[in-house]
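Text of target.tsv, listed as TSV, C-alpha atoms and all ligand atoms:
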chain	number	residue	atom	x	y	z
F	716	MET	CA	17.06	91.26	-69.75
F	717	SER	CA	15.00	92.62	-72.65
F	718	GLY	CA	16.30	92.39	-76.22
F	719	LYS	CA	16.89	96.16	-76.19
F	720	GLN	CA	18.91	95.96	-72.98
F	721	GLN	CA	20.93	93.06	-74.40
F	722	LEU	CA	21.76	95.11	-77.49
F	723	GLN	CA	22.82	98.03	-75.29
F	724	VAL	CA	25.12	95.81	-73.19
F	725	GLN	CA	26.61	94.35	-76.37
F	726	GLN	CA	27.20	97.86	-77.76
F	727	GLU	CA	28.90	98.97	-74.54
F	728	GLU	CA	31.19	95.93	-74.64
F	729	GLU	CA	32.12	96.67	-78.24
F	730	ASP	CA	32.86	100.32	-77.40
F	731	GLU	CA	35.02	99.22	-74.47
F	732	GLU	CA	36.95	96.83	-76.74
F	733	ALA	CA	37.44	99.54	-79.37
F	734	LYS	CA	38.77	101.95	-76.73
F	735	ALA	CA	41.11	99.29	-75.32
F	736	GLU	CA	42.47	98.49	-78.79
F	737	VAL	CA	43.73	102.08	-78.96
F	738	GLU	CA	44.63	102.53	-75.30
F	739	ILE	CA	46.86	99.46	-75.03
F	740	TRP	CA	49.35	101.15	-77.39
F	741	LYS	CA	49.94	103.85	-74.74
F	742	TYR	CA	51.37	101.13	-72.52
F	743	ILE	CA	53.36	99.59	-75.34
F	744	PHE	CA	54.99	102.86	-76.44
F	745	GLY	CA	54.50	104.99	-73.32
F	746	PHE	CA	58.25	105.48	-72.94
F	747	ALA	CA	58.27	107.48	-76.19
F	748	ASP	CA	56.80	110.53	-74.42
F	749	ILE	CA	59.59	110.76	-71.86
F	750	ALA	CA	62.31	109.86	-74.38
F	751	VAL	CA	61.28	112.43	-76.99
F	752	VAL	CA	60.86	115.21	-74.41
F	753	LYS	CA	64.34	114.35	-73.09
F	754	CYS	CA	65.63	114.51	-76.68
F	755	ALA	CA	63.98	117.94	-77.14
F	756	ILE	CA	65.67	119.25	-73.97
F	757	GLU	CA	69.07	117.90	-75.03
F	758	LEU	CA	68.66	119.50	-78.48
F	759	GLY	CA	67.68	122.81	-76.85
F	760	ILE	CA	64.50	123.24	-78.92
F	761	ALA	CA	62.60	125.19	-76.24
F	762	ASP	CA	65.69	127.33	-75.53
F	763	ALA	CA	65.98	128.27	-79.21
F	764	LEU	CA	62.28	129.22	-79.39
F	765	GLU	CA	62.63	131.21	-76.15
F	766	SER	CA	65.60	133.16	-77.58
F	767	ASN	CA	63.67	133.94	-80.74
F	768	LYS	CA	60.48	135.01	-78.90
F	769	PRO	CA	58.00	136.41	-79.88
F	770	GLN	CA	58.80	135.32	-83.45
F	771	PRO	CA	57.92	131.71	-84.31
F	772	MET	CA	60.73	129.65	-85.84
F	773	THR	CA	60.33	127.77	-89.10
F	774	LEU	CA	61.78	124.29	-89.50
F	775	SER	CA	64.61	125.84	-91.47
F	776	ASP	CA	65.31	128.41	-88.68
F	777	LEU	CA	65.34	125.67	-86.05
F	778	THR	CA	67.47	123.34	-88.14
F	779	THR	CA	70.08	126.05	-88.60
F	780	ALA	CA	69.98	127.18	-84.96
F	781	LEU	CA	70.32	123.66	-83.57
F	782	GLY	CA	72.48	122.11	-86.28
F	783	CYS	CA	70.05	119.21	-86.79
F	784	ASP	CA	68.89	116.96	-89.59
F	785	PRO	CA	65.76	118.72	-90.95
F	786	SER	CA	63.85	115.59	-91.80
F	787	LEU	CA	64.36	113.99	-88.36
F	788	LEU	CA	63.71	117.28	-86.57
F	789	SER	CA	60.43	117.79	-88.45
F	790	ARG	CA	59.26	114.33	-87.28
F	791	ILE	CA	60.22	115.12	-83.68
F	792	MET	CA	58.31	118.42	-83.93
F	793	ARG	CA	55.26	116.75	-85.51
F	794	PHE	CA	55.13	114.33	-82.55
F	795	LEU	CA	55.52	117.10	-79.98
F	796	VAL	CA	53.04	119.46	-81.67
F	797	GLN	CA	50.50	116.61	-81.58
F	798	ARG	CA	51.01	116.52	-77.79
F	799	ARG	CA	50.80	120.33	-77.44
F	800	VAL	CA	54.37	120.41	-76.18
F	801	PHE	CA	55.05	122.88	-78.98
F	802	GLY	CA	52.63	125.02	-81.01
F	803	GLN	CA	52.54	125.65	-84.74
F	804	THR	CA	51.27	128.77	-86.42
F	805	GLN	CA	51.04	130.01	-90.00
F	806	LEU	CA	53.40	132.94	-90.62
F	807	PRO	CA	51.75	136.21	-91.79
F	808	ASN	CA	51.37	136.49	-95.59
F	809	SER	CA	52.98	133.12	-96.08
F	810	THR	CA	52.14	129.47	-96.52
F	811	THR	CA	55.00	128.53	-94.18
F	812	TYR	CA	54.42	127.44	-90.59
F	813	GLY	CA	56.52	128.34	-87.58
F	814	TYR	CA	56.89	126.61	-84.23
F	815	THR	CA	56.09	128.34	-80.93
F	816	LEU	CA	56.40	127.64	-77.24
F	817	THR	CA	53.33	126.43	-75.32
F	818	ALA	CA	52.69	126.36	-71.57
F	819	ILE	CA	54.31	122.90	-71.54
F	820	SER	CA	57.46	123.80	-73.45
F	821	ARG	CA	57.97	126.96	-71.37
F	822	ARG	CA	58.72	124.40	-68.64
F	823	LEU	CA	61.40	122.83	-70.86
F	824	VAL	CA	63.44	126.05	-71.21
F	825	ARG	CA	66.64	125.22	-69.30
F	826	GLN	CA	67.04	128.54	-67.47
F	827	GLY	CA	63.34	129.54	-67.49
F	828	PRO	CA	61.64	130.55	-64.23
F	829	GLN	CA	59.15	127.67	-64.62
F	830	SER	CA	61.75	125.16	-65.83
F	831	MET	CA	61.23	121.48	-65.04
F	832	ALA	CA	63.91	120.46	-67.55
F	833	SER	CA	66.42	119.23	-64.95
F	834	LEU	CA	63.77	117.05	-63.32
F	835	VAL	CA	63.03	115.42	-66.70
F	836	LEU	CA	66.76	114.82	-67.21
F	837	PHE	CA	67.15	113.35	-63.72
F	838	GLU	CA	64.19	110.96	-63.94
F	839	SER	CA	65.09	109.87	-67.48
F	840	ASN	CA	68.77	109.29	-66.67
F	841	PRO	CA	69.68	105.61	-67.34
F	842	ALA	CA	70.71	105.13	-63.68
F	843	MET	CA	67.25	106.22	-62.50
F	844	LEU	CA	65.45	104.15	-65.16
F	845	ALA	CA	67.32	100.90	-64.36
F	846	PRO	CA	65.52	100.20	-61.03
F	847	TRP	CA	62.14	100.24	-62.80
F	848	HIS	CA	63.16	96.88	-64.30
F	849	ALA	CA	63.54	95.47	-60.79
F	850	MET	CA	60.11	96.47	-59.50
F	851	SER	CA	58.48	93.07	-59.95
F	852	ALA	CA	61.30	91.30	-58.08
F	853	ARG	CA	60.85	93.73	-55.18
F	854	VAL	CA	57.05	93.37	-55.18
F	855	ARG	CA	57.39	89.57	-55.23
F	856	GLY	CA	59.18	89.85	-51.90
F	857	GLN	CA	62.87	90.32	-52.64
F	858	GLU	CA	64.18	92.15	-49.58
F	859	ASP	CA	66.49	94.48	-51.47
F	860	LEU	CA	64.96	97.68	-52.76
F	861	ALA	CA	64.47	97.92	-56.54
F	862	PHE	CA	67.26	100.52	-56.58
F	863	GLU	CA	69.57	98.14	-54.69
F	864	ILE	CA	68.78	95.27	-57.07
F	865	ALA	CA	69.77	97.53	-59.98
F	866	HIS	CA	72.79	99.26	-58.44
F	867	GLY	CA	73.91	97.22	-55.41
F	868	GLU	CA	73.28	100.12	-52.99
F	869	ASP	CA	70.46	102.50	-52.09
F	870	VAL	CA	69.88	105.74	-53.92
F	871	TRP	CA	71.75	107.90	-51.34
F	872	GLY	CA	74.80	105.63	-51.35
F	873	PHE	CA	74.75	105.59	-55.15
F	874	LEU	CA	74.47	109.39	-55.41
F	875	ALA	CA	77.42	109.82	-53.03
F	876	GLY	CA	79.65	108.05	-55.57
F	877	HIS	CA	78.10	109.58	-58.71
F	878	PRO	CA	78.56	113.37	-58.84
F	879	LEU	CA	76.76	113.75	-62.19
F	880	GLN	CA	73.56	112.12	-60.92
F	881	SER	CA	73.97	113.92	-57.60
F	882	GLN	CA	74.01	117.26	-59.41
F	883	LEU	CA	71.05	116.18	-61.56
F	884	ILE	CA	68.90	115.38	-58.51
F	885	ALA	CA	69.85	118.68	-56.85
F	886	GLU	CA	68.93	120.66	-59.96
F	887	GLY	CA	65.82	118.54	-60.56
F	888	MET	CA	64.50	119.06	-57.03
F	889	ALA	CA	65.27	122.78	-57.30
F	890	CYS	CA	62.82	122.96	-60.24
F	891	ASP	CA	60.01	121.80	-57.97
F	892	ALA	CA	61.13	124.05	-55.10
F	893	ARG	CA	60.96	127.14	-57.33
F	894	THR	CA	57.27	126.52	-58.05
F	895	VAL	CA	56.04	124.93	-54.83
F	896	VAL	CA	57.51	127.39	-52.31
F	897	PRO	CA	55.78	130.43	-53.87
F	898	ALA	CA	52.53	128.42	-53.98
F	899	ILE	CA	52.90	127.64	-50.25
F	900	VAL	CA	53.51	131.28	-49.32
F	901	LYS	CA	50.63	132.51	-51.49
F	902	GLU	CA	48.07	129.85	-50.62
F	903	CYS	CA	48.81	129.41	-46.92
F	904	PRO	CA	48.52	132.97	-45.55
F	905	GLY	CA	49.96	133.37	-42.07
F	906	LEU	CA	52.01	130.15	-42.26
F	907	PHE	CA	55.28	131.99	-41.62
F	908	ASP	CA	53.97	134.83	-39.44
F	909	GLY	CA	56.18	135.14	-36.35
F	910	VAL	CA	58.58	132.46	-37.66
F	911	GLY	CA	62.10	133.89	-37.33
F	912	SER	CA	64.08	130.90	-38.55
F	913	VAL	CA	63.41	127.81	-40.65
F	914	VAL	CA	65.60	124.75	-41.15
F	915	ASP	CA	65.02	122.88	-44.41
F	916	VAL	CA	65.79	119.26	-43.56
F	917	GLY	CA	67.09	117.40	-46.63
F	918	GLY	CA	66.96	120.73	-48.43
F	919	GLY	CA	69.21	119.74	-51.36
F	920	ASN	CA	71.06	122.69	-52.87
F	921	GLY	CA	69.10	125.27	-50.83
F	922	THR	CA	66.76	126.54	-53.55
F	923	ALA	CA	63.66	126.08	-51.37
F	924	MET	CA	65.17	128.11	-48.50
F	925	ALA	CA	66.49	130.78	-50.86
F	926	THR	CA	63.04	131.11	-52.43
F	927	LEU	CA	61.36	131.23	-49.02
F	928	VAL	CA	63.75	133.85	-47.64
F	929	GLY	CA	63.26	135.91	-50.82
F	930	LEU	CA	59.49	135.90	-50.25
F	931	CYS	CA	59.59	136.22	-46.43
F	932	PRO	CA	62.73	138.29	-45.75
F	933	TRP	CA	62.25	138.22	-41.96
F	934	ILE	CA	63.18	134.51	-41.98
F	935	ARG	CA	66.73	133.30	-41.34
F	936	GLY	CA	67.10	130.16	-43.43
F	937	VAL	CA	69.18	127.07	-42.70
F	938	ASN	CA	69.64	124.56	-45.48
F	939	PHE	CA	70.49	121.21	-43.91
F	940	ASP	CA	71.51	118.18	-45.98
F	941	LEU	CA	74.21	115.54	-46.23
F	942	GLY	CA	77.74	117.03	-46.34
F	943	ARG	CA	78.27	116.15	-50.00
F	944	ALA	CA	74.95	117.76	-50.98
F	945	VAL	CA	75.70	121.13	-49.36
F	946	GLU	CA	79.42	121.24	-50.26
F	947	GLY	CA	78.86	122.16	-53.90
F	948	ALA	CA	75.65	124.12	-53.27
F	949	PRO	CA	75.37	127.73	-54.46
F	950	LYS	CA	75.64	130.52	-51.87
F	951	TRP	CA	72.30	132.21	-51.19
F	952	ASP	CA	71.66	135.47	-49.32
F	953	GLY	CA	70.02	134.82	-45.95
F	954	VAL	CA	70.64	131.06	-46.08
F	955	GLU	CA	73.29	129.14	-44.14
F	956	HIS	CA	74.26	125.68	-45.42
F	957	VAL	CA	74.79	123.04	-42.73
F	958	GLY	CA	75.97	119.49	-43.50
F	959	GLY	CA	74.87	116.56	-41.35
F	960	ASP	CA	72.66	113.53	-40.91
F	961	MET	CA	68.99	114.07	-40.05
F	962	PHE	CA	68.92	110.70	-38.28
F	963	VAL	CA	71.48	112.04	-35.81
F	964	SER	CA	70.40	115.65	-35.21
F	965	VAL	CA	68.78	118.62	-36.91
F	966	PRO	CA	69.93	122.27	-36.47
F	967	LYS	CA	67.69	124.32	-34.17
F	968	ALA	CA	65.11	126.72	-35.66
F	969	ASP	CA	61.59	128.01	-35.02
F	970	ALA	CA	60.23	125.70	-37.71
F	971	ALA	CA	61.54	122.62	-39.51
F	972	PHE	CA	60.58	122.23	-43.15
F	973	LEU	CA	60.63	118.86	-44.93
F	974	LYS	CA	59.78	118.79	-48.60
F	975	TRP	CA	59.80	115.47	-50.45
F	976	VAL	CA	62.01	113.89	-47.79
F	977	LEU	CA	59.67	111.68	-45.73
F	978	HIS	CA	58.21	110.04	-48.84
F	979	ASP	CA	61.68	108.56	-49.46
F	980	TRP	CA	61.53	106.58	-46.23
F	981	GLY	CA	59.57	103.83	-44.47
F	982	ASP	CA	57.34	104.61	-41.50
F	983	GLU	CA	59.98	103.76	-38.88
F	984	GLU	CA	62.57	106.10	-40.41
F	985	CYS	CA	59.94	108.84	-40.77
F	986	VAL	CA	59.19	108.63	-37.04
F	987	GLN	CA	62.94	108.89	-36.27
F	988	ILE	CA	63.37	111.92	-38.58
F	989	LEU	CA	60.29	113.65	-37.15
F	990	LYS	CA	61.53	113.06	-33.59
F	991	LYS	CA	64.83	114.78	-34.51
F	992	CYS	CA	62.86	117.68	-36.02
F	993	LYS	CA	60.76	117.91	-32.84
F	994	GLU	CA	63.96	118.18	-30.77
F	995	ALA	CA	65.14	121.02	-33.05
F	996	ILE	CA	62.10	123.32	-32.61
F	997	PRO	CA	60.73	125.12	-29.53
F	998	ALA	CA	58.18	123.09	-27.54
F	999	GLU	CA	56.08	126.29	-27.36
F	1000	GLY	CA	55.30	127.89	-30.73
F	1001	GLY	CA	57.49	125.58	-32.82
F	1002	LYS	CA	56.19	123.56	-35.76
F	1003	VAL	CA	57.22	121.13	-38.44
F	1004	LEU	CA	56.03	121.77	-41.99
F	1005	ILE	CA	55.79	118.63	-44.09
F	1006	VAL	CA	55.37	119.32	-47.80
F	1007	GLU	CA	54.18	116.06	-49.29
F	1008	ALA	CA	51.36	114.48	-51.26
F	1009	VAL	CA	48.30	113.30	-49.35
F	1010	ILE	CA	46.50	110.50	-51.17
F	1011	SER	CA	42.81	110.74	-50.42
F	1012	GLU	CA	39.87	108.73	-51.63
F	1013	GLY	CA	37.63	110.57	-54.05
F	1014	VAL	CA	37.99	114.31	-53.49
F	1015	GLU	CA	41.34	114.86	-55.20
F	1016	GLU	CA	41.49	116.64	-58.54
F	1017	PRO	CA	41.74	113.59	-60.89
F	1018	GLY	CA	44.78	114.87	-62.87
F	1019	LEU	CA	46.79	115.50	-59.70
F	1020	ARG	CA	45.65	112.22	-58.14
F	1021	ASP	CA	46.98	110.37	-61.17
F	1022	ILE	CA	50.41	112.01	-60.82
F	1023	ARG	CA	50.46	111.41	-57.05
F	1024	LEU	CA	49.86	107.72	-57.73
F	1025	MET	CA	52.66	107.79	-60.34
F	1026	LEU	CA	54.94	109.37	-57.75
F	1027	ASP	CA	54.07	106.49	-55.44
F	1028	MET	CA	55.39	104.12	-58.14
F	1029	VAL	CA	58.58	106.23	-58.33
F	1030	MET	CA	58.96	105.60	-54.59
F	1031	ILE	CA	58.84	101.82	-55.16
F	1032	ALA	CA	61.42	102.09	-57.95
F	1033	HIS	CA	63.83	104.47	-56.22
F	1034	THR	CA	63.36	104.37	-52.45
F	1035	LYS	CA	61.91	102.46	-49.52
F	1036	GLY	CA	59.21	105.11	-49.09
F	1037	LYS	CA	55.70	105.78	-50.34
F	1038	GLU	CA	53.06	108.43	-50.88
F	1039	ARG	CA	50.75	108.42	-47.86
F	1040	THR	CA	47.07	108.79	-47.07
F	1041	GLU	CA	45.98	111.12	-44.29
F	1042	ALA	CA	45.61	108.12	-41.93
F	1043	GLU	CA	49.21	107.08	-42.70
F	1044	TRP	CA	50.48	110.62	-42.07
F	1045	LYS	CA	48.55	110.78	-38.80
F	1046	SER	CA	50.11	107.52	-37.66
F	1047	ILE	CA	53.73	108.67	-38.15
F	1048	ILE	CA	53.11	112.22	-36.88
F	1049	THR	CA	51.50	111.02	-33.65
F	1050	GLY	CA	54.08	108.18	-33.49
F	1051	ALA	CA	56.79	110.86	-33.32
F	1052	GLY	CA	55.03	112.51	-30.36
F	1053	PHE	CA	53.32	115.50	-32.00
F	1054	SER	CA	50.09	116.52	-30.29
F	1055	ARG	CA	48.17	117.75	-33.34
F	1056	TYR	CA	48.43	118.47	-37.05
F	1057	ASN	CA	46.49	120.08	-39.83
F	1058	ILE	CA	46.61	119.73	-43.61
F	1059	ARG	CA	46.58	122.76	-45.90
F	1060	PRO	CA	46.07	121.82	-49.57
F	1061	ILE	CA	47.78	123.93	-52.24
F	1062	ARG	CA	47.57	123.83	-56.04
F	1063	ALA	CA	50.42	121.34	-56.34
F	1064	LEU	CA	51.16	117.64	-55.98
F	1065	GLN	CA	51.96	118.32	-52.33
F	1066	SER	CA	49.94	119.70	-49.43
F	1067	VAL	CA	51.41	121.43	-46.38
F	1068	ILE	CA	51.03	119.37	-43.22
F	1069	GLU	CA	51.66	121.45	-40.08
F	1070	ALA	CA	52.65	119.31	-37.09
F	1071	PHE	CA	52.77	120.85	-33.59
F	1072	PRO	CA	54.71	119.51	-30.56
D	1	LIG	C1	64.09	113.96	-52.75
D	1	LIG	S1	65.34	115.02	-52.20
D	1	LIG	C2	64.41	116.45	-51.71
D	1	LIG	C3	65.20	117.71	-51.77
D	1	LIG	C4	64.45	118.98	-51.34
D	1	LIG	N1	63.85	118.85	-50.03
D	1	LIG	C5	63.39	119.36	-52.33
D	1	LIG	O1	62.26	118.89	-52.26
D	1	LIG	O2	63.69	120.14	-53.26
D	1	LIG	C6	65.76	114.28	-50.63
D	1	LIG	C7	66.94	114.95	-49.95
D	1	LIG	O3	67.20	114.29	-48.70
D	1	LIG	C8	68.61	114.32	-48.50
D	1	LIG	N2	68.99	113.30	-47.51
D	1	LIG	C9	69.00	111.96	-47.67
D	1	LIG	N3	69.44	111.36	-46.53
D	1	LIG	C10	69.72	112.36	-45.65
D	1	LIG	C11	70.20	112.39	-44.31
D	1	LIG	N4	70.48	111.24	-43.67
D	1	LIG	N5	70.37	113.58	-43.70
D	1	LIG	C12	70.09	114.74	-44.35
D	1	LIG	N6	69.61	114.78	-45.62
D	1	LIG	C13	69.44	113.61	-46.27
D	1	LIG	C14	69.16	114.07	-49.87
D	1	LIG	O4	70.52	114.42	-49.99
D	1	LIG	C15	68.22	114.90	-50.74
D	1	LIG	O5	68.72	116.21	-50.93
Please rewrite the model in this file as structure tokens.
Ligand SMILES: C[S@@+](CC[C@H](N)C(=O)[O-])C[C@H]1O[C@@H](n2cnc3c(N)ncnc32)[C@H](O)[C@@H]1O
Amino acid sequence: MSGKQQLQVQQEEEDEEAKAEVEIWKYIFGFADIAVVKCAIELGIADALESNKPQPMTLSDLTTALGCDPSLLSRIMRFLVQRRVFGQTQLPNSTTYGYTLTAISRRLVRQGPQSMASLVLFESNPAMLAPWHAMSARVRGQEDLAFEIAHGEDVWGFLAGHPLQSQLIAEGMACDARTVVPAIVKECPGLFDGVGSVVDVGGGNGTAMATLVGLCPWIRGVNFDLGRAVEGAPKWDGVEHVGGDMFVSVPKADAAFLKWVLHDWGDEECVQILKKCKEAIPAEGGKVLIVEAVISEGVEEPGLRDIRLMLDMVMIAHTKGKERTEAEWKSIITGAGFSRYNIRPIRALQSVIEAFP
């Protein structure tokens, strides 16, 4: 190696060290992001800004509206403005600044059409954070799931006995359903042509079916989930709630829809669930729509890939499932007896996998 090359290598190493010196702090204090956003939702900061729209709110306005300590609130806002969660703008003819919503904080408005607030509150709930501390034990080979190590039962057993968390998951999943279902309908033209009925298997509180029926009014929707999940669910036009166990049987329909259900389960359970879905749809013209992430090597948009890999870690912490590659999807789909499948990517964490009997 020439002297010049040696100097270049040395410089690169120094740059790498300098970057790492900063980056390591993200891992030390990474929880601050989730905790402060949770705090902002609980305080109702985005809701106050939404109510005052289009006027920005000064610190004094916000302090009065939320009944908060001004000095602490200003530090929270400084942190969140730095992350572009909120914006800050100088008021006309004034030296005072006001806070505004950004594309991120519009998703923190509790009742907003793009709201992801309930999903933040579900994932940051102490019961859902506890299993993260048991990940290493599970990875080292402890048979119990991380969730079981933390709570003594799996997530579904736990939710059955904890109505607050059960409601949080239902509302959290509904946030995703409200954005993903319109993306599916828009980006997969023809997907629901000639489909008269759809059963959403593990459909939670029915938001996905209600959204689908709203966009495709020729569809009769069935929202199928565990009895306790559908008992308290809201009533939706065009959607029938049915309680039951997808490992036993699935209500009949032209198409079965499974969003963020199979990733909660191991391969064996996925094959069992898919077989029950196959029994529920017509052998001719029926299909199963699996709305899940597909982890691929290389071609994924890097930001989405990162979140898909994060979601895979959530699966270790909370379930016995995983995010799957196309080869892994193919294995369980063919294992359940489907003859063919295709994958339709959408602008979301999930793709739509169509599986045909
Ligand atoms: C992660 S949530 C997904 C909810 C919904 N599909 C969505 O994406 O908005 C998984 C759902 O599976 C349901 N589930 C779990 N075990 C089930 C079973 N044995 N039979 C039917 N549903 C079940 C849960 O109650 C929960 O609503």
Could you build a table of the residues in chain F lying no more than 8 Å from ligand LIG 1 (chain D), giving for each the nearest pair of atoms and their separation in Å rounded to one decimal place, using only C-alpha atoms and all ligand atoms, ordered by chain and ascending residue number, as a tab-separated table?
residue	atom	partner	partner_atom	distance
F:Trp871	CA	D:LIG1	C9	6.1
F:Ile884	CA	D:LIG1	S1	7.3
F:Ala885	CA	D:LIG1	O5	6.5
F:Gly887	CA	D:LIG1	O2	7.8
F:Met888	CA	D:LIG1	O2	4.0
F:Ala889	CA	D:LIG1	O2	5.1
F:Cys890	CA	D:LIG1	O2	7.6
F:Asp891	CA	D:LIG1	O2	6.2
F:Ala892	CA	D:LIG1	O2	5.0
F:Asp915	CA	D:LIG1	N1	7.0
F:Val916	CA	D:LIG1	N6	6.2
F:Gly917	CA	D:LIG1	O3	3.7
F:Gly918	CA	D:LIG1	N1	4.0
F:Gly919	CA	D:LIG1	O5	3.6
F:Asn920	CA	D:LIG1	O5	7.2
F:Gly921	CA	D:LIG1	C4	7.8
F:Thr922	CA	D:LIG1	O2	7.1
F:Ala923	CA	D:LIG1	O2	6.2
F:Phe939	CA	D:LIG1	C12	6.5
F:Asp940	CA	D:LIG1	N6	3.9
F:Leu941	CA	D:LIG1	C12	4.6
F:Arg943	CA	D:LIG1	O4	7.9
F:Ala944	CA	D:LIG1	O4	5.6
F:Gly958	CA	D:LIG1	C12	7.6
F:Gly959	CA	D:LIG1	N5	5.9
F:Asp960	CA	D:LIG1	N5	3.6
F:Met961	CA	D:LIG1	N5	3.9
F:Phe962	CA	D:LIG1	N4	5.6
F:Val963	CA	D:LIG1	N4	8.0
F:Leu973	CA	D:LIG1	N1	6.0
F:Lys974	CA	D:LIG1	N1	4.3
F:Trp975	CA	D:LIG1	O1	4.6
F:Val976	CA	D:LIG1	C6	4.7
F:Asp979	CA	D:LIG1	C1	6.8
Response to the item:
Shortest contact to F:Ala865, candidates F:Thr926, F:Thr1049, F:Ala1032, F:Leu977, atoms counted all atoms listed in the file, goes to F:Ala1032
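Considering only C-alpha atoms, the residue among F:Leu787, F:Val913, F:Val928, F:Leu1019 positioned nearest to F:Ala968 is F:Val913.
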Discussion item. Counting only C-alpha atoms, which residues have an atom no more than 12 Å from (64.4, 103.5, -43.7) in the file's coordinates? Please list them as a list in words.
Written reply: Leu860, Asp869, Val870, Trp871, Phe962, Val976, Leu977, His978, Asp979, Trp980, Gly981, Asp982, Glu983, Glu984, Cys985, Val986, Gln987, Ile988, Thr1034, Lys1035, Gly1036 and Lys1037 of chain F
Worksheet entry | Proximity to F:Val796 - best of F:Cys992, F:Thr811, F:Leu816, F:Ala1051, only C-alpha atoms | F:Leu816
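Nearest residue to F:Ser809, choosing from F:Ala898, F:Gly911, F:Ser833, F:Thr773 and counting only C-alpha atoms: F:Thr773.
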Worksheet entry | Minimum-distance residue to F:Gly1000, chosen among F:Gly942, F:Gly936, F:Pro807, F:Gly909 (using all atoms listed in the file) | F:Gly909
Quick one: everything within 10 Å of F:Glu1069, counting only C-alpha atoms, minus sequence neighbours fewer than 5 positions away in the same chain. Send it as a compact mmCIF listing (two decimals) with C-alpha atoms, keeping the file's coordinate frame.
# COMPACT_ATOMS: atom_id res chain seq x y z
CA LEU F 906 52.01 130.15 -42.26
CA ALA F 970 60.23 125.70 -37.71
CA ALA F 971 61.54 122.62 -39.51
CA PHE F 972 60.58 122.23 -43.15
CA LYS F 1002 56.19 123.56 -35.76
CA VAL F 1003 57.22 121.13 -38.44
CA LEU F 1004 56.03 121.77 -41.99
CA ILE F 1005 55.79 118.63 -44.09
CA VAL F 1006 55.37 119.32 -47.80
CA ILE F 1048 53.11 112.22 -36.88
CA ARG F 1055 48.17 117.75 -33.34
CA TYR F 1056 48.43 118.47 -37.05
CA ASN F 1057 46.49 120.08 -39.83
CA ILE F 1058 46.61 119.73 -43.61
CA ARG F 1059 46.58 122.76 -45.90
Item to complete: Find the residue from F:Met924, F:Lys901, F:Arg893, F:Pro1072 that sits nearest to F:His956; use all atoms listed in the file when measuring.
Response: F:Met924
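The space between atom CA of F:Ala852 and atom CA of F:Ile1031 spans 11.2 Å.
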Rows by chain and residue number, stretch 804-881 of chain F within 9 Å of stretch 756-771 of chain F, shortest pair, all atoms listed in the file, as a Markdown table:
| residue | atom | partner | partner_atom | distance |
| --- | --- | --- | --- | --- |
| F:Thr804 | CA | F:Pro771 | CA | 7.6 |
| F:Leu806 | CA | F:Pro771 | CA | 7.9 |
| F:Tyr812 | CA | F:Pro771 | CA | 8.4 |
| F:Gly813 | CA | F:Pro771 | CA | 4.9 |
| F:Tyr814 | CA | F:Pro771 | CA | 5.2 |
| F:Thr815 | CA | F:Pro771 | CA | 5.1 |
| F:Leu816 | CA | F:Leu764 | CA | 6.5 |
| F:Ser820 | CA | F:Ala761 | CA | 6.0 |
| F:Arg821 | CA | F:Ala761 | CA | 6.9 |
| F:Arg822 | CA | F:Ala761 | CA | 8.6 |
| F:Leu823 | CA | F:Ala761 | CA | 6.0 |
| F:Val824 | CA | F:Asp762 | CA | 5.0 |
| F:Arg825 | CA | F:Asp762 | CA | 6.6 |
| F:Gln826 | CA | F:Asp762 | CA | 8.3 |
| F:Gly827 | CA | F:Asp762 | CA | 8.7 |
| F:Ala832 | CA | F:Ile756 | CA | 6.8 |
| F:Val835 | CA | F:Ile756 | CA | 8.6 |
| F:Leu836 | CA | F:Ile756 | CA | 8.2 |
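For the pair atom CA of F:Gly1052 and atom CA of F:Ala1070, the interatomic distance is 9.9 Å.
Pairwise distance (atom CA of F:Trp847, atom CA of F:Ala861) equals 7.1 Å.
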Using the incomplete input, complete stretch 864-871 of chain F to the level of N, CA and C atoms; output as a JSON list (two decimals), in the coordinates of the input.
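Saved to part13.json:
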[["chain", "number", "residue", "atom", "x", "y", "z"],
["F", 864, "ILE", "N", 68.65, 96.39, -56.12],
["F", 864, "ILE", "CA", 68.78, 95.27, -57.07],
["F", 864, "ILE", "C", 69.50, 95.77, -58.32],
["F", 865, "ALA", "N", 69.17, 96.99, -58.75],
["F", 865, "ALA", "CA", 69.77, 97.53, -59.98],
["F", 865, "ALA", "C", 71.21, 97.99, -59.77],
["F", 866, "HIS", "N", 71.49, 98.58, -58.60],
["F", 866, "HIS", "CA", 72.79, 99.26, -58.44],
["F", 866, "HIS", "C", 73.65, 98.73, -57.29],
["F", 867, "GLY", "N", 73.12, 97.79, -56.50],
["F", 867, "GLY", "CA", 73.91, 97.22, -55.41],
["F", 867, "GLY", "C", 73.98, 98.09, -54.17],
["F", 868, "GLU", "N", 73.32, 99.23, -54.17],
["F", 868, "GLU", "CA", 73.28, 100.12, -52.99],
["F", 868, "GLU", "C", 72.04, 100.99, -53.11],
["F", 869, "ASP", "N", 71.67, 101.67, -52.00],
["F", 869, "ASP", "CA", 70.46, 102.50, -52.09],
["F", 869, "ASP", "C", 70.79, 103.82, -52.81],
["F", 870, "VAL", "N", 69.72, 104.57, -53.07],
["F", 870, "VAL", "CA", 69.88, 105.74, -53.92],
["F", 870, "VAL", "C", 70.87, 106.75, -53.31],
["F", 871, "TRP", "N", 70.88, 106.89, -51.95],
["F", 871, "TRP", "CA", 71.75, 107.90, -51.34],
["F", 871, "TRP", "C", 73.20, 107.47, -51.40]]
